[in-house]
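> Dropping in work_7.txt, which is compact mmCIF, C-alpha atoms:
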# COMPACT_ATOMS: atom_id res chain seq x y z
CA MET A 995 108.91 69.29 102.33
CA PRO A 996 106.28 69.72 105.09
CA VAL A 997 107.49 71.58 108.15
CA GLU A 998 107.45 69.54 111.31
CA LYS A 999 105.17 71.26 113.76
CA VAL A 1000 106.68 71.72 117.19
CA ASN A 1001 105.09 72.82 120.40
CA LEU A 1002 106.44 76.23 121.28
CA SER A 1003 106.17 78.06 124.55
CA LYS A 1004 104.63 81.52 124.65
CA ALA A 1005 108.11 82.97 125.21
CA GLU A 1006 109.50 81.13 122.18
CA LYS A 1007 106.58 82.23 120.01
CA ASP A 1008 107.05 85.83 121.11
CA ARG A 1009 110.75 85.66 120.38
CA ILE A 1010 110.18 84.39 116.83
CA PHE A 1011 107.36 86.88 116.30
CA ASN A 1012 109.35 89.89 117.46
CA ARG A 1013 112.56 88.93 115.74
CA GLU A 1014 111.29 87.57 112.43
CA PHE A 1015 107.74 88.85 111.86
CA LEU A 1016 107.52 92.38 113.26
CA PRO A 1017 110.29 93.82 111.05
CA HIS A 1018 108.01 93.26 108.04
CA MET A 1019 105.07 95.22 109.42
CA ASP A 1020 105.56 98.29 107.21
CA ALA A 1021 106.05 96.22 104.07
CA LEU A 1022 102.92 94.22 104.86
CA TYR A 1023 100.91 97.35 105.54
CA ASN A 1024 102.07 98.93 102.30
CA PHE A 1025 101.05 95.78 100.40
CA ALA A 1026 97.69 95.67 102.18
CA PHE A 1027 97.02 99.33 101.50
CA HIS A 1028 97.69 99.06 97.79
CA LEU A 1029 95.56 95.94 97.53
CA THR A 1030 92.60 97.42 99.38
CA SER A 1031 93.06 101.15 98.63
CA ASP A 1032 91.60 101.75 102.07
CA GLU A 1033 93.47 102.45 105.33
CA ASP A 1034 90.91 100.79 107.58
CA ASP A 1035 90.72 97.67 105.43
CA ALA A 1036 94.52 97.57 105.30
CA ASN A 1037 94.67 97.85 109.10
CA ASP A 1038 92.25 94.95 109.48
CA LEU A 1039 94.10 92.85 106.93
CA VAL A 1040 97.47 93.39 108.60
CA GLN A 1041 96.09 92.62 112.05
CA GLU A 1042 94.46 89.46 110.73
CA THR A 1043 97.72 88.46 109.05
CA PHE A 1044 99.83 88.84 112.17
CA LEU A 1045 97.23 87.03 114.24
CA LYS A 1046 97.19 84.10 111.84
CA GLY A 1047 100.97 84.18 111.61
CA TYR A 1048 101.24 83.99 115.40
CA ARG A 1049 98.64 81.24 115.76
CA PHE A 1050 100.33 79.14 113.08
CA ILE A 1051 103.86 80.06 114.10
CA SER A 1052 104.74 76.43 114.74
CA SER A 1053 104.26 75.84 111.00
CA TYR A 1054 106.86 78.45 110.19
CA GLN A 1055 110.45 77.25 109.82
CA GLN A 1056 112.61 79.62 111.85
CA GLY A 1057 115.26 81.56 109.99
CA THR A 1058 113.69 80.98 106.60
CA ASN A 1059 111.66 83.47 104.60
CA ALA A 1060 109.29 85.05 107.11
CA LYS A 1061 108.48 87.92 104.78
CA ALA A 1062 107.29 85.65 101.97
CA TRP A 1063 105.39 83.49 104.46
CA LEU A 1064 103.54 86.48 105.88
CA PHE A 1065 102.86 87.96 102.46
CA LYS A 1066 101.24 84.68 101.44
CA ILE A 1067 99.00 84.77 104.50
CA LEU A 1068 98.03 88.36 103.77
CA LYS A 1069 97.41 87.65 100.09
CA ASN A 1070 95.17 84.70 100.93
CA GLY A 1071 93.27 86.76 103.49
CA PHE A 1072 92.74 89.53 100.97
CA ILE A 1073 91.62 87.14 98.22
CA ASN A 1074 89.11 85.48 100.56
CA ASP A 1075 87.63 88.87 101.47
CA TYR A 1076 87.78 90.06 97.87
CA ARG A 1077 86.01 87.00 96.46
CA ARG A 1078 83.36 87.23 99.14
CA LYS A 1079 82.70 90.88 98.32
CA SER A 1080 82.83 90.30 94.57
CA LYS A 1081 79.88 87.93 94.83
CA GLN A 1082 77.76 91.07 95.17
CA PRO A 1083 75.68 91.44 92.00
CA ASN A 1084 76.90 94.93 91.13
CA ARG A 1085 80.62 94.00 91.22
CA VAL A 1086 82.50 92.80 88.18
CA ASP A 1087 85.01 90.07 88.86
CA TYR A 1088 87.93 90.43 86.49
CA ASP A 1089 90.02 87.76 88.13
CA ASP A 1090 88.67 84.90 86.07
CA ILE A 1091 89.34 86.84 82.90
CA VAL A 1092 92.87 87.66 83.98
CA SER A 1093 93.61 84.10 85.04
CA PHE A 1094 92.13 82.70 81.85
CA HIS A 1095 94.56 84.70 79.75
CA ASP A 1096 97.63 83.73 81.77
CA THR A 1097 99.90 81.58 79.71
CA ASP A 1098 103.39 80.22 79.84
CA ASP A 1099 103.60 80.62 76.10
CA GLU A 1100 106.10 83.32 75.27
CA GLY A 1101 105.91 82.76 71.54
CA HIS A 1102 104.16 86.08 71.07
CA VAL A 1103 105.43 88.80 73.39
CA GLU A 1104 103.79 92.20 73.28
CA TYR A 1105 105.89 95.16 74.21
CA VAL A 1106 104.63 98.58 75.25
CA ASP A 1107 107.06 101.40 74.84
CA LEU A 1108 106.54 104.19 77.36
CA ARG A 1109 108.97 107.02 76.87
CA GLN A 1110 110.81 108.35 79.88
CA GLU A 1111 109.77 111.93 79.20
CA LEU A 1112 106.15 110.89 79.62
CA PHE A 1113 106.25 109.14 82.93
CA GLN A 1114 109.06 110.92 84.71
CA GLY A 1115 106.97 114.03 85.11
CA MET A 1116 104.15 112.14 86.80
CA LEU A 1117 103.19 112.48 90.42
CA GLY A 1118 103.13 109.65 92.93
CA ASP A 1119 99.38 109.75 93.35
CA GLU A 1120 98.92 109.24 89.59
CA VAL A 1121 101.02 106.10 89.81
CA THR A 1122 99.12 104.96 92.89
CA ARG A 1123 95.81 105.56 91.12
CA ALA A 1124 96.94 103.71 87.99
CA LEU A 1125 98.05 100.74 90.07
CA SER A 1126 94.82 100.70 92.06
CA GLU A 1127 92.83 100.41 88.83
CA LEU A 1128 94.59 97.24 87.72
CA PRO A 1129 92.81 93.91 88.16
CA VAL A 1130 93.84 92.40 91.46
CA ASP A 1131 96.09 89.68 90.00
CA PHE A 1132 98.10 92.24 88.04
CA LYS A 1133 98.23 94.69 90.91
CA THR A 1134 99.47 91.97 93.24
CA ILE A 1135 102.28 90.81 91.03
CA ILE A 1136 103.58 94.33 90.38
CA LEU A 1137 103.61 95.01 94.10
CA LEU A 1138 105.43 91.78 94.85
CA CYS A 1139 108.07 92.17 92.12
CA ASP A 1140 108.65 95.86 91.53
CA ILE A 1141 107.97 97.18 95.03
CA GLU A 1142 108.87 94.35 97.39
CA GLU A 1143 111.49 92.83 95.05
CA PHE A 1144 110.58 89.22 95.65
CA SER A 1145 112.14 86.74 93.26
CA TYR A 1146 109.98 84.94 90.69
CA GLU A 1147 110.29 81.80 92.75
CA GLU A 1148 109.08 83.56 95.90
CA ILE A 1149 106.23 85.19 93.99
CA ALA A 1150 105.22 81.82 92.57
CA LYS A 1151 104.95 80.44 96.11
CA ILE A 1152 103.13 83.46 97.50
CA ILE A 1153 100.53 83.50 94.75
CA ASP A 1154 100.62 79.73 94.15
CA ILE A 1155 101.19 79.84 90.40
CA PRO A 1156 103.94 78.40 88.17
CA ILE A 1157 107.07 80.50 87.62
CA GLY A 1158 106.28 80.71 83.91
CA THR A 1159 102.94 82.29 84.77
CA VAL A 1160 104.74 84.78 87.03
CA ARG A 1161 106.76 85.97 84.03
CA SER A 1162 103.85 86.21 81.64
CA ARG A 1163 101.56 87.85 84.18
CA LEU A 1164 104.24 90.39 85.10
CA HIS A 1165 104.75 91.21 81.46
CA ARG A 1166 101.03 91.77 80.89
CA ALA A 1167 100.64 93.73 84.13
CA ARG A 1168 103.49 96.08 83.25
CA ASN A 1169 102.11 96.66 79.77
CA ILE A 1170 98.65 97.48 81.12
CA LEU A 1171 100.13 99.80 83.74
CA LYS A 1172 102.16 101.58 81.09
CA GLU A 1173 99.04 102.01 78.96
CA LYS A 1174 97.19 103.52 81.91
CA LEU A 1175 100.04 105.90 82.66
CA ARG A 1176 100.26 106.88 79.01
CA GLU A 1177 96.53 107.65 79.06
CA TYR A 1178 96.92 109.76 82.20
CA ALA A 1179 99.79 111.60 80.59
CA ARG A 1180 97.65 112.36 77.55
CA GLN A 1181 94.81 113.58 79.76
CA GLU A 1182 97.21 115.81 81.65
CA GLY A 1183 98.66 117.15 78.45
CA TYR A 1184 102.13 115.62 78.70
CA LYS A 1185 103.72 115.65 75.29
CA GLU A 1186 105.15 112.47 73.86
CA LYS A 1187 108.40 113.47 72.20
CA ARG A 1188 109.56 111.29 69.40
CA MET B 707 134.64 91.01 73.35
CA ASP B 708 132.50 91.23 70.16
CA GLN B 709 134.19 88.15 68.75
CA GLN B 710 132.91 86.08 71.69
CA LEU B 711 129.30 87.23 71.41
CA PRO B 712 126.79 85.60 69.07
CA LYS B 713 125.15 87.73 66.38
CA HIS B 714 122.84 90.31 67.93
CA ASP B 715 119.12 89.62 67.59
CA CYS B 716 116.75 92.32 68.85
CA ARG B 717 114.03 89.72 69.48
CA ASN B 718 116.08 88.34 72.33
CA PHE B 719 115.92 91.72 74.02
CA VAL B 720 112.18 91.57 74.77
CA LYS B 721 112.48 88.02 76.08
CA LYS B 722 115.39 88.73 78.39
CA VAL B 723 115.19 92.38 79.43
CA PHE B 724 112.96 91.81 82.43
CA LEU B 725 114.84 88.73 83.53
CA VAL B 726 117.86 91.01 83.75
CA LEU B 727 116.04 93.88 85.44
CA ASP B 728 114.28 91.56 87.90
CA GLY B 729 117.56 89.95 88.85
CA GLU B 730 116.57 86.53 87.57
CA LEU B 731 119.62 85.79 85.46
CA PRO B 732 122.99 84.61 86.79
CA GLU B 733 125.64 87.31 86.74
CA GLU B 734 127.47 85.87 83.74
CA GLU B 735 124.33 85.81 81.61
CA ARG B 736 123.42 89.28 82.76
CA ASN B 737 126.85 90.59 81.78
CA LEU B 738 126.54 88.94 78.37
CA PHE B 739 123.15 90.59 77.85
CA ILE B 740 124.50 94.01 78.80
CA ALA B 741 127.48 93.55 76.49
CA ASP B 742 125.18 92.40 73.70
CA ILE B 743 122.82 95.38 73.83
CA GLN B 744 125.75 97.80 73.70
CA ARG B 745 125.97 96.79 70.04
CA CYS B 746 122.45 97.98 69.28
CA LYS B 747 121.40 101.57 69.86
CA GLY B 748 117.70 100.65 69.84
CA CYS B 749 118.04 97.86 72.40
CA LEU B 750 120.27 99.97 74.61
CA GLU B 751 117.76 102.80 74.56
CA HIS B 752 114.88 100.46 75.36
CA TYR B 753 116.85 98.91 78.20
CA SER B 754 117.41 102.35 79.65
CA ILE B 755 113.69 103.12 79.36
CA GLU B 756 112.64 99.87 81.03
CA LYS B 757 115.17 100.24 83.81
CA THR B 758 114.06 103.79 84.46
CA PHE B 759 110.40 102.69 84.47
CA LYS B 760 111.07 99.96 87.01
CA ASP B 761 113.02 102.38 89.21
CA PHE B 762 110.27 104.97 88.69
CA LEU B 763 107.59 102.61 90.04
CA SER B 764 109.65 101.88 93.08
CA VAL B 765 110.31 105.55 93.79
CA LYS B 766 107.02 107.16 92.81
CA LEU B 767 104.50 104.71 94.25
CA GLU B 768 103.26 106.00 97.55
CA ARG B 769 104.78 104.00 100.40
CA LYS B 770 102.55 103.57 103.37
CA GLU B 771 103.83 102.75 106.84
CA CYS B 772 102.06 101.38 109.87
CA THR B 773 100.82 103.92 112.32
CA ASN B 774 102.01 103.69 115.90
CA LYS B 775 98.40 103.01 116.83
CA LEU B 776 98.32 99.93 114.60
CA ARG B 777 101.65 98.72 115.96
CA GLU B 778 100.38 98.96 119.50
CA GLU B 779 97.11 97.24 118.64
CA ILE B 780 99.00 94.34 117.09
CA LYS B 781 101.32 94.03 120.06
CA THR B 782 98.37 94.10 122.45
CA MET B 783 96.55 91.51 120.38
CA ILE B 784 99.57 89.17 120.38
CA ASN B 785 100.16 89.63 124.10
CA LYS B 786 96.67 88.28 124.70
CA GLU B 787 97.38 85.13 122.68
CA ALA B 788 98.41 81.97 124.46
Written as structure tokens, that's how I'd like the structure from this file.

Amino acid sequence: MPVEKVNLSKAEKDRIFNREFLPHMDALYNFAFHLTSDEDDANDLVQETFLKGYRFISSYQQGTNAKAWLFKILKNGFINDYRRKSKQPNRVDYDDIVSFHDTDDEGHVEYVDLRQELFQGMLGDEVTRALSELPVDFKTIILLCDIEEFSYEEIAKIIDIPIGTVRSRLHRARNILKEKLREYARQEGYKEKR
Amino acid sequence: MDQQLPKHDCRNFVKKVFLVLDGELPEEERNLFIADIQRCKGCLEHYSIEKTFKDFLSVKLERKECTNKLREEIKTMINKEA
């Protein structure tokens, strides 16, 4: 259902902004940082997101899901920048490959077993590095589900994909992340006890 | 309780485990799943591993917060908007 746009005064806009948007600043910055892997880029992305959010505040339905709304704006801003930069000849764009393999078909479900003893000894920066190396679509969905704890329905709206694709993409993303962490563990000499 | 549960099938575990861990199943279905995997040592162990992995990501991944400088810049920027 389209939201009826209303004309809001500056005071009303500020009230909505301060009460409903600002509390999500840290979560948005964390998301931006892990998408960009760069503090300055994350700063720019967050500023751009809040500016857009404020300018389009009349499109936002008060008291609904401001966090998801802002995350969608940030995600779109990041994707626009990312696609523009990935047009550079020396960059490989994995997004099309990732999207091509998305499927709602759960007939064949791969499962990667990563033993607790392997990953529990890992440091935070190893996890951060592993996540940063994922293709952007996989990185995004892990951040939205496992870090920000959005529901599948919210994730589907933020990323603009069907809920079935949310499930399959999450499953693939987690498997790839586990494989990366297993590889790090091997490189660091963690022993896989069986 | 066992008499009310259908026969355990490990294949259902892989399909449902993340629906349970991601909070996507209604409470009743979740409780049935948990009761079901109690009957299978392998499934119970895998559930524990997956739950720990999900918790691990949430705890271990570096959490960044906005700097005060960024907060002030955003507030200044918004104050300038009509």
> Which residue is closest to Ala1026 (chain A)? Choose from A:Asn1059, A:Val1121, A:Lys1133, A:Phe1011 and count all atoms listed in the file.
A:Lys1133
> Hey, what's within 10 Å of Lys1046 (chain A) if we count all atoms listed in the file and toss same-chain stuff fewer than 3 positions away? As a list in words, please?
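Answer for this query is Val1040, Gln1041, Glu1042, Thr1043, Arg1049, Phe1050, Ile1051, Leu1064, Ile1067, Leu1068 and Gly1071 of chain A.
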> Go ahead and compute the interatomic distance for CA of Asp1038 (chain A) and CA of Phe1015 (chain A), in Å to one decimal.
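Distance between the two atoms: 16.8 Å.
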> In Å, rounded to a single decimal, give me how far CA of Arg1163 (chain A) is from CA of Cys749 (chain B).
22.6 Å
> What's the separation between CA of Gln1181 (chain A) and CA of Pro1129 (chain A), in Å to one decimal place?
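Separation between CA of Gln1181 (chain A) and CA of Pro1129 (chain A): 21.5 Å.
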> Given a cut-off of 9 Å, which residues of chain B touch chain A, counting all atoms listed in the file, written out as JSON, numbers by chain?
{"B": [720, 721, 724, 725, 728, 729, 730, 752, 754, 755, 756, 758, 759, 760, 761, 762, 763, 764, 765, 766, 767, 768, 769, 770, 771, 772, 773, 776, 777, 779, 780, 783, 784, 785, 787, 788]}
> Report, as JSON, the axis-aligned box around all atoms of region 732-749 of chain B present in the file, extended by 6 Å on each side; give centre and edge lengths in Å to one decimal place.

{"center_x": 122.6, "center_y": 93.1, "center_z": 78.0, "size_x": 21.8, "size_y": 29.0, "size_z": 29.5}
> Find the residue from A:Leu1029, A:Ser1052, A:Glu1014, A:Ile1152 that sits nearest to Val1000 (chain A); use all atoms listed in the file when measuring.
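Residue with the minimum atom-to-atom distance to Val1000 (chain A): A:Ser1052.
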> Could you give me, as a VMD selection string, the residues within 12 Å of Leu738 (chain B), counting only C-alpha atoms and dropping anything in the same chain fewer than 5 positions from it?
chain B and resid 707 to 708 710 to 712 714 719 722 to 723 726 731 to 733 743 to 745
> Would you mind exporting the chosen residues as a PDB file, in the coordinates of the input, restricted to C-alpha atoms?

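And here is the file that came out, again-v1.pdb:
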ATOM      1  CA  MET B 707     134.640  91.010  73.350  1.00  0.00           C
ATOM      2  CA  ASP B 708     132.500  91.230  70.160  1.00  0.00           C
ATOM      3  CA  GLN B 710     132.910  86.080  71.690  1.00  0.00           C
ATOM      4  CA  LEU B 711     129.300  87.230  71.410  1.00  0.00           C
ATOM      5  CA  PRO B 712     126.790  85.600  69.070  1.00  0.00           C
ATOM      6  CA  HIS B 714     122.840  90.310  67.930  1.00  0.00           C
ATOM      7  CA  PHE B 719     115.920  91.720  74.020  1.00  0.00           C
ATOM      8  CA  LYS B 722     115.390  88.730  78.390  1.00  0.00           C
ATOM      9  CA  VAL B 723     115.190  92.380  79.430  1.00  0.00           C
ATOM     10  CA  VAL B 726     117.860  91.010  83.750  1.00  0.00           C
ATOM     11  CA  LEU B 731     119.620  85.790  85.460  1.00  0.00           C
ATOM     12  CA  PRO B 732     122.990  84.610  86.790  1.00  0.00           C
ATOM     13  CA  GLU B 733     125.640  87.310  86.740  1.00  0.00           C
ATOM     14  CA  ILE B 743     122.820  95.380  73.830  1.00  0.00           C
ATOM     15  CA  GLN B 744     125.750  97.800  73.700  1.00  0.00           C
ATOM     16  CA  ARG B 745     125.970  96.790  70.040  1.00  0.00           C
TER      17      ARG B 745
END
> Considering only C-alpha atoms, can you say which of A:Glu1127, A:Gly1057, A:Glu1006, A:Lys1079 comes closest to Lys1174 (chain A)?
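The closest residue to Lys1174 (chain A) is A:Glu1127.
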> Can you tell me, as a list in words, what residues are no more than 10 Å from Cys746 (chain B) when counting only C-alpha atoms, ignoring any on the same chain fewer than 4 positions away?
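With the cut-off at 10 Å, the set is His714, Asp715, Cys716, Ala741, Asp742, Leu750 and Glu751 of chain B.
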> Write region 709-720 of chain B as a CSV table (one decimal), keeping the file's coordinate frame, completed to all heavy atoms.

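Dumped everything to result_24.csv:
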chain,number,residue,atom,x,y,z
B,709,GLN,N,134.0,89.4,69.4
B,709,GLN,CA,134.2,88.2,68.8
B,709,GLN,C,133.6,87.0,69.5
B,709,GLN,O,133.3,85.9,69.0
B,709,GLN,CB,135.7,88.0,68.6
B,709,GLN,CG,136.3,88.9,67.6
B,709,GLN,CD,137.8,88.9,67.6
B,709,GLN,OE1,138.4,88.3,68.5
B,709,GLN,NE2,138.4,89.5,66.6
B,710,GLN,N,133.4,87.2,70.9
B,710,GLN,CA,132.9,86.1,71.7
B,710,GLN,C,131.4,86.1,71.7
B,710,GLN,O,130.8,85.1,72.1
B,710,GLN,CB,133.4,86.2,73.1
B,710,GLN,CG,134.9,86.2,73.2
B,710,GLN,CD,135.4,86.6,74.6
B,710,GLN,OE1,134.7,87.0,75.4
B,710,GLN,NE2,136.7,86.6,74.7
B,711,LEU,N,130.7,87.1,71.3
B,711,LEU,CA,129.3,87.2,71.4
B,711,LEU,C,128.7,86.7,70.1
B,711,LEU,O,129.2,87.0,69.0
B,711,LEU,CB,128.9,88.7,71.6
B,711,LEU,CG,129.3,89.3,73.0
B,711,LEU,CD1,129.0,90.8,72.9
B,711,LEU,CD2,128.5,88.7,74.1
B,712,PRO,N,127.5,86.0,70.3
B,712,PRO,CA,126.8,85.6,69.1
B,712,PRO,C,126.2,86.8,68.4
B,712,PRO,O,126.2,87.9,68.9
B,712,PRO,CB,125.7,84.7,69.6
B,712,PRO,CG,125.5,85.1,71.0
B,712,PRO,CD,126.8,85.6,71.5
B,713,LYS,N,125.7,86.6,67.2
B,713,LYS,CA,125.2,87.7,66.4
B,713,LYS,C,124.0,88.3,67.2
B,713,LYS,O,123.1,87.6,67.7
B,713,LYS,CB,124.7,87.2,65.0
B,713,LYS,CG,124.3,88.3,64.1
B,713,LYS,CD,123.9,87.7,62.7
B,713,LYS,CE,123.4,88.8,61.9
B,713,LYS,NZ,122.4,88.3,60.9
B,714,HIS,N,123.9,89.6,67.2
B,714,HIS,CA,122.8,90.3,67.9
B,714,HIS,C,121.5,90.1,67.3
B,714,HIS,O,121.3,90.2,66.1
B,714,HIS,CB,123.1,91.8,68.0
B,714,HIS,CG,122.1,92.6,68.7
B,714,HIS,ND1,121.9,92.5,70.1
B,714,HIS,CD2,121.0,93.3,68.3
B,714,HIS,CE1,120.9,93.2,70.5
B,714,HIS,NE2,120.3,93.8,69.4
B,715,ASP,N,120.5,89.8,68.1
B,715,ASP,CA,119.1,89.6,67.6
B,715,ASP,C,118.2,90.4,68.5
B,715,ASP,O,118.1,90.0,69.7
B,715,ASP,CB,118.7,88.1,67.6
B,715,ASP,CG,117.4,87.9,67.0
B,715,ASP,OD1,116.6,88.9,66.8
B,715,ASP,OD2,117.1,86.7,66.7
B,716,CYS,N,117.6,91.4,68.0
B,716,CYS,CA,116.8,92.3,68.8
B,716,CYS,C,115.6,91.6,69.5
B,716,CYS,O,115.1,92.0,70.5
B,716,CYS,CB,116.2,93.5,68.0
B,716,CYS,SG,117.5,94.6,67.5
B,717,ARG,N,115.2,90.5,68.9
B,717,ARG,CA,114.0,89.7,69.5
B,717,ARG,C,114.4,89.1,70.8
B,717,ARG,O,113.5,89.0,71.7
B,717,ARG,CB,113.6,88.6,68.5
B,717,ARG,CG,112.9,89.1,67.3
B,717,ARG,CD,112.6,88.0,66.3
B,717,ARG,NE,113.9,87.4,65.8
B,717,ARG,CZ,114.0,86.4,64.9
B,717,ARG,NH1,112.9,85.9,64.4
B,717,ARG,NH2,115.1,86.0,64.5
B,718,ASN,N,115.7,88.9,71.0
B,718,ASN,CA,116.1,88.3,72.3
B,718,ASN,C,116.0,89.4,73.4
B,718,ASN,O,115.8,89.0,74.6
B,718,ASN,CB,117.5,87.8,72.3
B,718,ASN,CG,117.7,86.6,71.5
B,718,ASN,OD1,116.7,85.8,71.4
B,718,ASN,ND2,118.8,86.4,70.9
B,719,PHE,N,116.0,90.7,73.0
B,719,PHE,CA,115.9,91.7,74.0
B,719,PHE,C,114.6,91.6,74.8
B,719,PHE,O,114.6,91.7,76.0
B,719,PHE,CB,116.0,93.1,73.3
B,719,PHE,CG,115.7,94.2,74.3
B,719,PHE,CD1,116.7,94.7,75.1
B,719,PHE,CD2,114.5,94.8,74.4
B,719,PHE,CE1,116.5,95.8,75.9
B,719,PHE,CE2,114.2,95.8,75.2
B,719,PHE,CZ,115.2,96.3,76.0
B,720,VAL,N,113.5,91.6,74.1
B,720,VAL,CA,112.2,91.6,74.8
B,720,VAL,C,112.0,90.4,75.7
B,720,VAL,O,111.5,90.4,76.8
B,720,VAL,CB,111.0,91.6,73.7
B,720,VAL,CG1,109.7,91.5,74.4
B,720,VAL,CG2,111.1,92.9,72.9
